[in-house]
file model_34.cif (mmCIF, C-alpha atoms)
data_protein
loop_
_atom_site.group_PDB
_atom_site.id
_atom_site.type_symbol
_atom_site.label_atom_id
_atom_site.label_comp_id
_atom_site.auth_asym_id
_atom_site.auth_seq_id
_atom_site.Cartn_x
_atom_site.Cartn_y
_atom_site.Cartn_z
ATOM 1 C CA MET A 28 -129.203 142.808 302.084
ATOM 2 C CA GLU A 29 -130.440 139.248 301.798
ATOM 3 C CA ILE A 30 -134.040 138.137 301.573
ATOM 4 C CA ALA A 31 -135.153 134.603 302.321
ATOM 5 C CA TYR A 32 -138.313 133.234 300.748
ATOM 6 C CA CYS A 33 -140.124 130.494 302.601
ATOM 7 C CA LYS A 34 -143.628 129.739 303.805
ATOM 8 C CA GLY A 35 -144.667 131.686 306.868
ATOM 9 C CA VAL A 36 -141.633 133.755 307.820
ATOM 10 C CA LEU A 37 -140.263 137.337 307.704
ATOM 11 C CA SER A 38 -137.650 139.336 305.766
ATOM 12 C CA THR A 39 -133.943 139.537 306.617
ATOM 13 C CA ALA A 40 -130.937 141.785 306.117
ATOM 14 C CA SER A 41 -127.253 141.444 306.999
ATOM 15 C CA LEU A 42 -125.035 143.999 308.721
ATOM 16 C CA MET A 43 -121.330 144.558 308.062
ATOM 17 C CA VAL A 44 -120.497 145.857 311.523
ATOM 18 C CA SER A 45 -117.218 147.587 310.669
ATOM 19 C CA GLY A 46 -118.612 149.461 307.668
ATOM 20 C CA PRO A 47 -118.798 153.275 307.786
ATOM 21 C CA ALA A 48 -122.614 153.287 307.851
ATOM 22 C CA ALA A 49 -123.024 150.411 310.315
ATOM 23 C CA ALA A 50 -124.337 152.523 313.182
ATOM 24 C CA HIS A 51 -126.907 154.198 310.934
ATOM 25 C CA ALA A 52 -128.011 150.849 309.487
ATOM 26 C CA ALA A 53 -128.374 149.345 312.961
ATOM 27 C CA ALA A 54 -130.470 152.312 314.092
ATOM 28 C CA ILE A 55 -132.829 151.824 311.144
ATOM 29 C CA ALA A 56 -133.060 148.091 311.844
ATOM 30 C CA ARG A 57 -134.024 148.738 315.476
ATOM 31 C CA ARG A 58 -137.003 150.742 314.200
ATOM 32 C CA LEU A 59 -138.174 147.761 312.116
ATOM 33 C CA PRO A 60 -139.092 145.007 314.602
ATOM 34 C CA GLY A 61 -140.258 142.679 311.815
ATOM 35 C CA LEU A 62 -136.830 142.714 310.152
ATOM 36 C CA ARG A 63 -134.509 139.823 310.976
ATOM 37 C CA VAL A 64 -130.867 140.941 310.915
ATOM 38 C CA GLY A 65 -127.746 138.817 310.547
ATOM 39 C CA LEU A 66 -123.999 139.384 310.729
ATOM 40 C CA HIS A 67 -122.165 139.782 307.416
ATOM 41 C CA LEU A 68 -118.722 138.626 308.519
ATOM 42 C CA ALA A 69 -116.116 140.630 306.556
ATOM 43 C CA LEU A 70 -112.560 139.281 306.781
ATOM 44 C CA VAL A 71 -111.180 140.940 303.628
ATOM 45 C CA ASP A 72 -111.526 144.194 301.746
ATOM 46 C CA GLY A 73 -112.756 146.512 304.471
ATOM 47 C CA PRO A 74 -112.076 148.094 307.865
ATOM 48 C CA PRO A 75 -111.479 145.674 310.749
ATOM 49 C CA ALA A 76 -113.420 145.576 313.997
ATOM 50 C CA ALA A 77 -110.459 144.525 316.145
ATOM 51 C CA SER A 78 -107.681 146.914 317.185
ATOM 52 C CA LEU A 79 -104.905 147.002 314.605
ATOM 53 C CA HIS A 80 -102.204 145.918 317.054
ATOM 54 C CA ARG A 81 -104.159 142.690 317.700
ATOM 55 C CA ILE A 82 -104.352 141.699 314.010
ATOM 56 C CA PRO A 83 -101.168 143.050 312.373
ATOM 57 C CA ASP A 84 -100.958 140.272 309.787
ATOM 58 C CA LEU A 85 -104.537 140.699 308.599
ATOM 59 C CA VAL A 86 -104.324 144.380 307.647
ATOM 60 C CA ASP A 87 -102.454 146.313 304.981
ATOM 61 C CA CYS A 88 -100.407 149.492 305.308
ATOM 62 C CA GLU A 89 -103.624 151.538 305.374
ATOM 63 C CA GLY A 90 -105.045 149.559 308.280
ATOM 64 C CA ARG A 91 -107.653 147.760 306.187
ATOM 65 C CA LEU A 92 -108.248 144.045 305.899
ATOM 66 C CA GLY A 93 -106.367 142.771 302.856
ATOM 67 C CA ARG A 94 -107.968 142.131 299.469
ATOM 68 C CA ASN A 95 -106.020 139.004 298.481
ATOM 69 C CA THR A 96 -108.177 136.024 299.478
ATOM 70 C CA VAL A 97 -105.677 133.471 298.141
ATOM 71 C CA ARG A 98 -102.918 134.920 300.268
ATOM 72 C CA LEU A 99 -105.171 134.848 303.325
ATOM 73 C CA ALA A 100 -106.054 131.202 302.683
ATOM 74 C CA VAL A 101 -102.379 130.216 302.405
ATOM 75 C CA GLU A 102 -101.332 132.151 305.493
ATOM 76 C CA LEU A 103 -104.131 130.639 307.554
ATOM 77 C CA ALA A 104 -102.888 127.187 306.578
ATOM 78 C CA CYS A 105 -99.220 127.946 307.256
ATOM 79 C CA ARG A 106 -99.138 130.409 310.159
ATOM 80 C CA PRO A 107 -100.751 129.723 313.549
ATOM 81 C CA ALA A 108 -100.313 133.412 314.456
ATOM 82 C CA VAL A 109 -102.569 134.422 311.568
ATOM 83 C CA ARG A 110 -105.212 131.929 312.711
ATOM 84 C CA ARG A 111 -105.137 133.453 316.202
ATOM 85 C CA GLN A 112 -105.548 136.930 314.719
ATOM 86 C CA LEU A 113 -108.416 135.710 312.576
ATOM 87 C CA ARG A 114 -110.200 134.489 315.694
ATOM 88 C CA ARG A 115 -109.731 137.899 317.328
ATOM 89 C CA GLU A 116 -111.281 139.650 314.333
ATOM 90 C CA ILE A 117 -114.220 137.229 314.246
ATOM 91 C CA GLU A 118 -114.783 137.743 317.971
ATOM 92 C CA ALA A 119 -114.609 141.519 317.526
ATOM 93 C CA GLN A 120 -117.225 141.482 314.766
ATOM 94 C CA PHE A 121 -119.604 139.309 316.761
ATOM 95 C CA ALA A 122 -119.118 141.586 319.782
ATOM 96 C CA ALA A 123 -119.802 144.660 317.648
ATOM 97 C CA PHE A 124 -123.028 143.105 316.385
ATOM 98 C CA GLN A 125 -124.051 142.219 319.936
ATOM 99 C CA ALA A 126 -123.435 145.833 320.976
ATOM 100 C CA THR A 127 -126.091 147.014 318.487
ATOM 101 C CA GLY A 128 -128.784 145.362 320.610
ATOM 102 C CA LEU A 129 -130.168 143.541 317.573
ATOM 103 C CA ALA A 130 -131.115 139.883 317.798
ATOM 104 C CA LEU A 131 -128.783 137.740 315.695
ATOM 105 C CA ASP A 132 -130.834 135.973 313.022
ATOM 106 C CA HIS A 133 -128.057 134.362 310.981
ATOM 107 C CA VAL A 134 -124.440 134.656 309.833
ATOM 108 C CA ASN A 135 -122.934 134.839 306.364
ATOM 109 C CA ALA A 136 -119.578 136.040 305.064
ATOM 110 C CA HIS A 137 -118.208 138.503 302.544
ATOM 111 C CA ARG A 138 -117.168 136.591 299.396
ATOM 112 C CA HIS A 139 -118.428 133.419 301.110
ATOM 113 C CA LEU A 140 -115.051 133.047 302.840
ATOM 114 C CA HIS A 141 -116.599 130.987 305.626
ATOM 115 C CA VAL A 142 -116.414 127.949 303.312
ATOM 116 C CA HIS A 143 -112.654 127.913 304.055
ATOM 117 C CA PRO A 144 -112.264 125.065 306.606
ATOM 118 C CA LEU A 145 -110.040 127.054 308.967
ATOM 119 C CA ILE A 146 -112.335 130.080 308.913
ATOM 120 C CA ALA A 147 -115.313 127.775 309.448
ATOM 121 C CA ARG A 148 -113.558 126.179 312.415
ATOM 122 C CA GLU A 149 -113.141 129.527 314.149
ATOM 123 C CA LEU A 150 -116.690 130.552 313.225
ATOM 124 C CA PHE A 151 -118.158 127.376 314.743
ATOM 125 C CA SER A 152 -116.119 127.986 317.885
ATOM 126 C CA VAL A 153 -116.900 131.701 318.332
ATOM 127 C CA GLY A 154 -120.389 131.999 316.859
ATOM 128 C CA PRO A 155 -122.403 129.934 319.354
ATOM 129 C CA VAL A 156 -120.957 131.985 322.222
ATOM 130 C CA PHE A 157 -122.718 135.002 320.676
ATOM 131 C CA GLY A 158 -125.939 133.157 319.892
ATOM 132 C CA MET A 159 -125.327 132.025 316.311
ATOM 133 C CA ARG A 160 -128.063 129.549 315.369
ATOM 134 C CA ALA A 161 -128.228 129.863 311.583
ATOM 135 C CA LEU A 162 -125.687 130.039 308.779
ATOM 136 C CA ARG A 163 -125.803 130.628 305.041
ATOM 137 C CA VAL A 164 -124.299 127.765 303.043
ATOM 138 C CA PRO A 165 -123.741 129.009 299.457
ATOM 139 C CA LEU A 166 -125.050 126.018 297.495
ATOM 140 C CA GLU A 167 -126.998 127.160 294.449
ATOM 141 C CA PRO A 168 -129.174 124.617 292.584
ATOM 142 C CA VAL A 169 -129.583 124.494 288.828
ATOM 143 C CA LEU A 170 -131.208 127.740 287.716
ATOM 144 C CA PRO A 171 -134.862 127.618 286.633
ATOM 145 C CA PRO A 172 -136.135 127.116 283.067
ATOM 146 C CA GLY A 173 -135.658 130.141 280.837
ATOM 147 C CA SER A 174 -132.540 131.331 282.651
ATOM 148 C CA ASP A 175 -130.207 133.364 280.467
ATOM 149 C CA ASP A 176 -126.935 132.045 281.905
ATOM 150 C CA GLY A 177 -124.710 129.233 280.688
ATOM 151 C CA PRO A 178 -123.094 126.437 282.708
ATOM 152 C CA PRO A 179 -121.611 127.099 286.173
ATOM 153 C CA THR A 180 -118.493 129.234 286.257
ATOM 154 C CA VAL A 181 -115.088 127.995 287.390
ATOM 155 C CA SER A 182 -115.426 129.839 290.708
ATOM 156 C CA GLU A 183 -118.773 128.146 291.344
ATOM 157 C CA ARG A 184 -117.281 124.738 290.601
ATOM 158 C CA VAL A 185 -114.433 125.437 293.022
ATOM 159 C CA LEU A 186 -116.796 126.740 295.709
ATOM 160 C CA ARG A 187 -119.279 123.843 295.600
ATOM 161 C CA PRO A 188 -117.254 121.048 297.307
ATOM 162 C CA TRP A 189 -116.184 123.408 300.083
ATOM 163 C CA ALA A 190 -119.777 124.568 300.536
ATOM 164 C CA ARG A 191 -120.921 120.951 300.815
ATOM 165 C CA MET A 192 -118.337 120.370 303.526
ATOM 166 C CA LEU A 193 -119.557 123.504 305.305
ATOM 167 C CA ALA A 194 -123.145 122.209 305.118
ATOM 168 C CA TRP A 195 -122.107 118.918 306.706
ATOM 169 C CA ARG A 196 -120.224 120.664 309.510
ATOM 170 C CA ALA A 197 -123.059 123.108 310.133
ATOM 171 C CA SER A 198 -125.503 120.213 310.423
ATOM 172 C CA ARG A 199 -123.262 118.547 312.996
ATOM 173 C CA GLU A 200 -123.228 121.800 314.956
ATOM 174 C CA GLY A 201 -127.047 121.890 314.928
ATOM 175 C CA LEU A 202 -127.246 125.108 312.927
ATOM 176 C CA VAL A 203 -130.145 126.074 310.675
ATOM 177 C CA THR A 204 -129.014 126.257 307.040
ATOM 178 C CA PRO A 205 -130.946 126.965 303.827
ATOM 179 C CA ASP A 206 -131.978 124.126 301.567
ATOM 180 C CA ALA A 207 -131.019 126.280 298.579
ATOM 181 C CA VAL A 208 -129.393 129.674 297.986
ATOM 182 C CA PHE A 209 -129.804 131.805 294.860
ATOM 183 C CA GLY A 210 -127.621 134.813 294.095
ATOM 184 C CA LEU A 211 -124.193 133.423 293.238
ATOM 185 C CA ARG A 212 -124.642 133.403 289.457
ATOM 186 C CA TRP A 213 -126.642 136.626 289.349
ATOM 187 C CA SER A 214 -124.866 138.526 292.119
ATOM 188 C CA GLY A 215 -125.364 142.220 291.453
ATOM 189 C CA CYS A 216 -127.670 141.478 288.532
ATOM 190 C CA MET A 217 -130.863 140.234 290.215
ATOM 191 C CA HIS A 218 -133.309 142.267 288.145
ATOM 192 C CA ALA A 219 -137.087 141.917 288.344
ATOM 193 C CA GLY A 220 -137.422 139.369 285.532
ATOM 194 C CA ARG A 221 -134.921 137.025 287.135
ATOM 195 C CA LEU A 222 -136.506 137.397 290.542
ATOM 196 C CA ARG A 223 -139.939 136.574 289.124
ATOM 197 C CA ARG A 224 -138.575 133.457 287.399
ATOM 198 C CA LEU A 225 -136.954 132.276 290.607
ATOM 199 C CA LEU A 226 -140.188 132.743 292.549
ATOM 200 C CA GLU A 227 -142.041 130.706 289.935
ATOM 201 C CA HIS A 228 -139.615 127.767 290.186
ATOM 202 C CA LEU A 229 -138.339 127.689 293.772
ATOM 203 C CA PRO A 230 -137.531 124.276 295.252
ATOM 204 C CA ASP A 231 -139.173 123.144 298.461
ATOM 205 C CA GLY A 232 -137.808 124.065 301.872
ATOM 206 C CA LEU A 233 -135.983 127.089 303.237
ATOM 207 C CA VAL A 234 -134.711 129.097 300.262
ATOM 208 C CA GLU A 235 -132.577 132.230 300.353
ATOM 209 C CA ILE A 236 -132.379 134.694 297.479
ATOM 210 C CA TYR A 237 -129.777 137.305 298.307
ATOM 211 C CA THR A 238 -129.547 140.714 296.691
ATOM 212 C CA HIS A 239 -127.554 143.942 297.019
ATOM 213 C CA PRO A 240 -130.086 146.795 296.777
ATOM 214 C CA ALA A 241 -129.057 150.440 296.813
ATOM 215 C CA THR A 242 -130.383 153.742 295.483
ATOM 216 C CA ALA A 243 -127.362 154.247 293.198
ATOM 217 C CA ASP A 244 -124.863 152.075 291.335
ATOM 218 C CA ARG A 245 -121.747 154.029 292.280
ATOM 219 C CA PHE A 246 -120.735 154.803 295.847
ATOM 220 C CA ALA A 247 -117.773 154.250 298.148
ATOM 221 C CA GLY A 248 -117.046 150.530 298.152
ATOM 222 C CA HIS A 249 -119.269 149.633 295.175
ATOM 223 C CA SER A 250 -118.367 146.675 292.949
ATOM 224 C CA ASP A 251 -117.970 147.290 289.225
ATOM 225 C CA GLY A 252 -120.693 145.681 287.161
ATOM 226 C CA TYR A 253 -123.213 145.516 290.012
ATOM 227 C CA HIS A 254 -126.639 146.987 289.269
ATOM 228 C CA TYR A 255 -127.630 147.945 292.802
ATOM 229 C CA ALA A 256 -130.494 150.256 291.850
ATOM 230 C CA ALA A 257 -132.040 147.612 289.582
ATOM 231 C CA GLU A 258 -131.943 145.116 292.448
ATOM 232 C CA LEU A 259 -133.701 147.617 294.706
ATOM 233 C CA SER A 260 -136.361 148.129 292.033
ATOM 234 C CA ALA A 261 -136.752 144.355 291.690
ATOM 235 C CA LEU A 262 -137.572 143.969 295.383
ATOM 236 C CA THR A 263 -140.478 146.413 295.075
ATOM 237 C CA ASP A 264 -141.581 145.496 291.540
ATOM 238 C CA ALA A 265 -145.360 144.954 291.300
ATOM 239 C CA GLY A 266 -144.887 141.817 289.212
ATOM 240 C CA VAL A 267 -142.466 140.355 291.762
ATOM 241 C CA VAL A 268 -144.871 141.119 294.612
ATOM 242 C CA GLU A 269 -147.747 139.469 292.735
ATOM 243 C CA THR A 270 -145.649 136.411 291.848
ATOM 244 C CA LEU A 271 -144.680 136.061 295.483
ATOM 245 C CA ARG A 272 -148.312 136.315 296.535
ATOM 246 C CA ARG A 273 -149.380 133.613 294.089
ATOM 247 C CA SER A 274 -146.557 131.313 295.188
ATOM 248 C CA GLY A 275 -147.971 131.053 298.722
ATOM 249 C CA ARG A 276 -144.573 131.943 300.157
ATOM 250 C CA ARG A 277 -143.710 134.839 302.418
ATOM 251 C CA LEU A 278 -140.511 136.731 303.201
ATOM 252 C CA GLY A 279 -138.614 135.044 305.972
ATOM 253 C CA GLY A 280 -135.843 134.851 308.526
ATOM 254 C CA TYR A 281 -133.727 131.922 309.660
ATOM 255 C CA THR A 282 -134.238 131.714 313.394
ATOM 256 C CA ARG A 283 -137.881 130.802 313.105
ATOM 257 C CA PHE A 284 -136.568 127.480 311.770
ATOM 258 C CA ALA A 285 -134.242 126.817 314.692
ATOM 259 C CA HIS A 286 -136.257 123.685 315.518
ATOM 260 C CA ARG A 287 -135.423 122.058 312.190
ATOM 261 C CA ASN A 288 -132.020 120.628 313.202
#

call {"tool": "encode", "arguments": {"input": "model_34.cif", "output": "structure tokens"}}
result
Amino acid sequence: MEIAYCKGVLSTASLMVSGPAAAHAAAIARRLPGLRVGLHLALVDGPPAASLHRIPDLVDCEGRLGRNTVRLAVELACRPAVRRQLRREIEAQFAAFQATGLALDHVNAHRHLHVHPLIARELFSVGPVFGMRALRVPLEPVLPPGSDDGPPTVSERVLRPWARMLAWRASREGLVTPDAVFGLRWSGCMHAGRLRRLLEHLPDGLVEIYTHPATADRFAGHSDGYHYAAELSALTDAGVVETLRRSGRRLGGYTRFAHRN
């Protein structure tokens, strides 16, 4: 789930359409008309949406999308057949989201793989056909005063130039993008204290703070080291709610800002 904080808008969540609980999640979302729902595009480490015979080079021997992101990046660059299969999987996931009947608020990607130029190219080609108007660009500003983390990690430094290129391309495509995204450094560890500090020091504009809330820390598909239950508690923490109220900001979705670009 991702929540976007900005003045005058609503809350958002993202749906991984090929996940085992996707149908249940979509049914819940349809009962919450104020919730803005996006597509969480998953191109690795999960079940595919396309038929296996249409994407043979994207899946492993168990019929799941592969886990090796470096290998995927190399094969996309070297093999046109893999790029065609990637497009089929992207189309299948957009079609599956459309079949839920939910309005598409935004798009993001598992492990931020949409920063890869070839994945972005297919996304910009397929997405608008299915009504994509907004896209997460994972650019995280300097963390606020009092943060308990050190300098940016190597993975963040590698991600940043590609994210900047994605932001430029998204702007050319007329897509709504956030002015800042928080969650990369604290992914899986967005406890209440951190969330309060962020709300006290948010930059201007459309800001996304993404979290991964759940009722337990261990379940099928969980990531080691993620504190899902603590993130759920943070979203309902009385201090967080009060800090949000004092900030003058409200929970928000992307598509309300479609006029910005």

call {"tool": "resolve_selection", "arguments": {"input": "model_34.cif", "expression": "the PyMOL selection byres ((chain A and resi 274) around 12)", "output": "list in words"}}
result
Tyr32, Cys33, Lys34, Gly35, Arg223, Arg224, Leu225, Leu226, Glu227, His228, Leu229, Pro230, Asp231, Val267, Val268, Glu269, Thr270, Leu271, Arg272, Arg273, Gly275, Arg276, Arg277 and Leu278 of chain A

call {"tool": "atom_distance", "arguments": {"input": "model_34.cif", "atom1": "atom CA of A:Ser214", "atom2": "atom CA of A:Ala100"}}
result
22.8 Å

call {"tool": "closest_residue", "arguments": {"input": "model_34.cif", "among": "A:His239, A:Arg138, A:His80, A:Arg160", "to": "A:Arg94", "atoms": "all atoms listed in the file"}}
result
A:Arg138

call {"tool": "resolve_selection", "arguments": {"input": "model_34.cif", "expression": "the PyMOL selection byres ((chain A and resi 244) around 7)", "output": "ChimeraX atom specification"}}
result
/A:243,245-246,253-256

call {"tool": "atom_distance", "arguments": {"input": "model_34.cif", "atom1": "atom CA of A:Glu118", "atom2": "atom CA of A:His133"}}
result
15.4 Å

call {"tool": "closest_residue", "arguments": {"input": "model_34.cif", "among": "A:Gly280, A:Gly220, A:Gly73, A:Gly61", "to": "A:Asp132", "atoms": "only C-alpha atoms"}}
result
A:Gly280

call {"tool": "resolve_selection", "arguments": {"input": "model_34.cif", "expression": "the PyMOL selection byres ((chain A and resi 90) around 10)", "output": "MDAnalysis selection string"}}
result
chainID A and resid 73:75 78:80 82:83 85:89 91:93

call {"tool": "closest_residue", "arguments": {"input": "model_34.cif", "among": "A:Arg184, A:His218, A:His141, A:Arg58", "to": "A:Tyr237", "atoms": "all atoms listed in the file"}}
result
A:His218
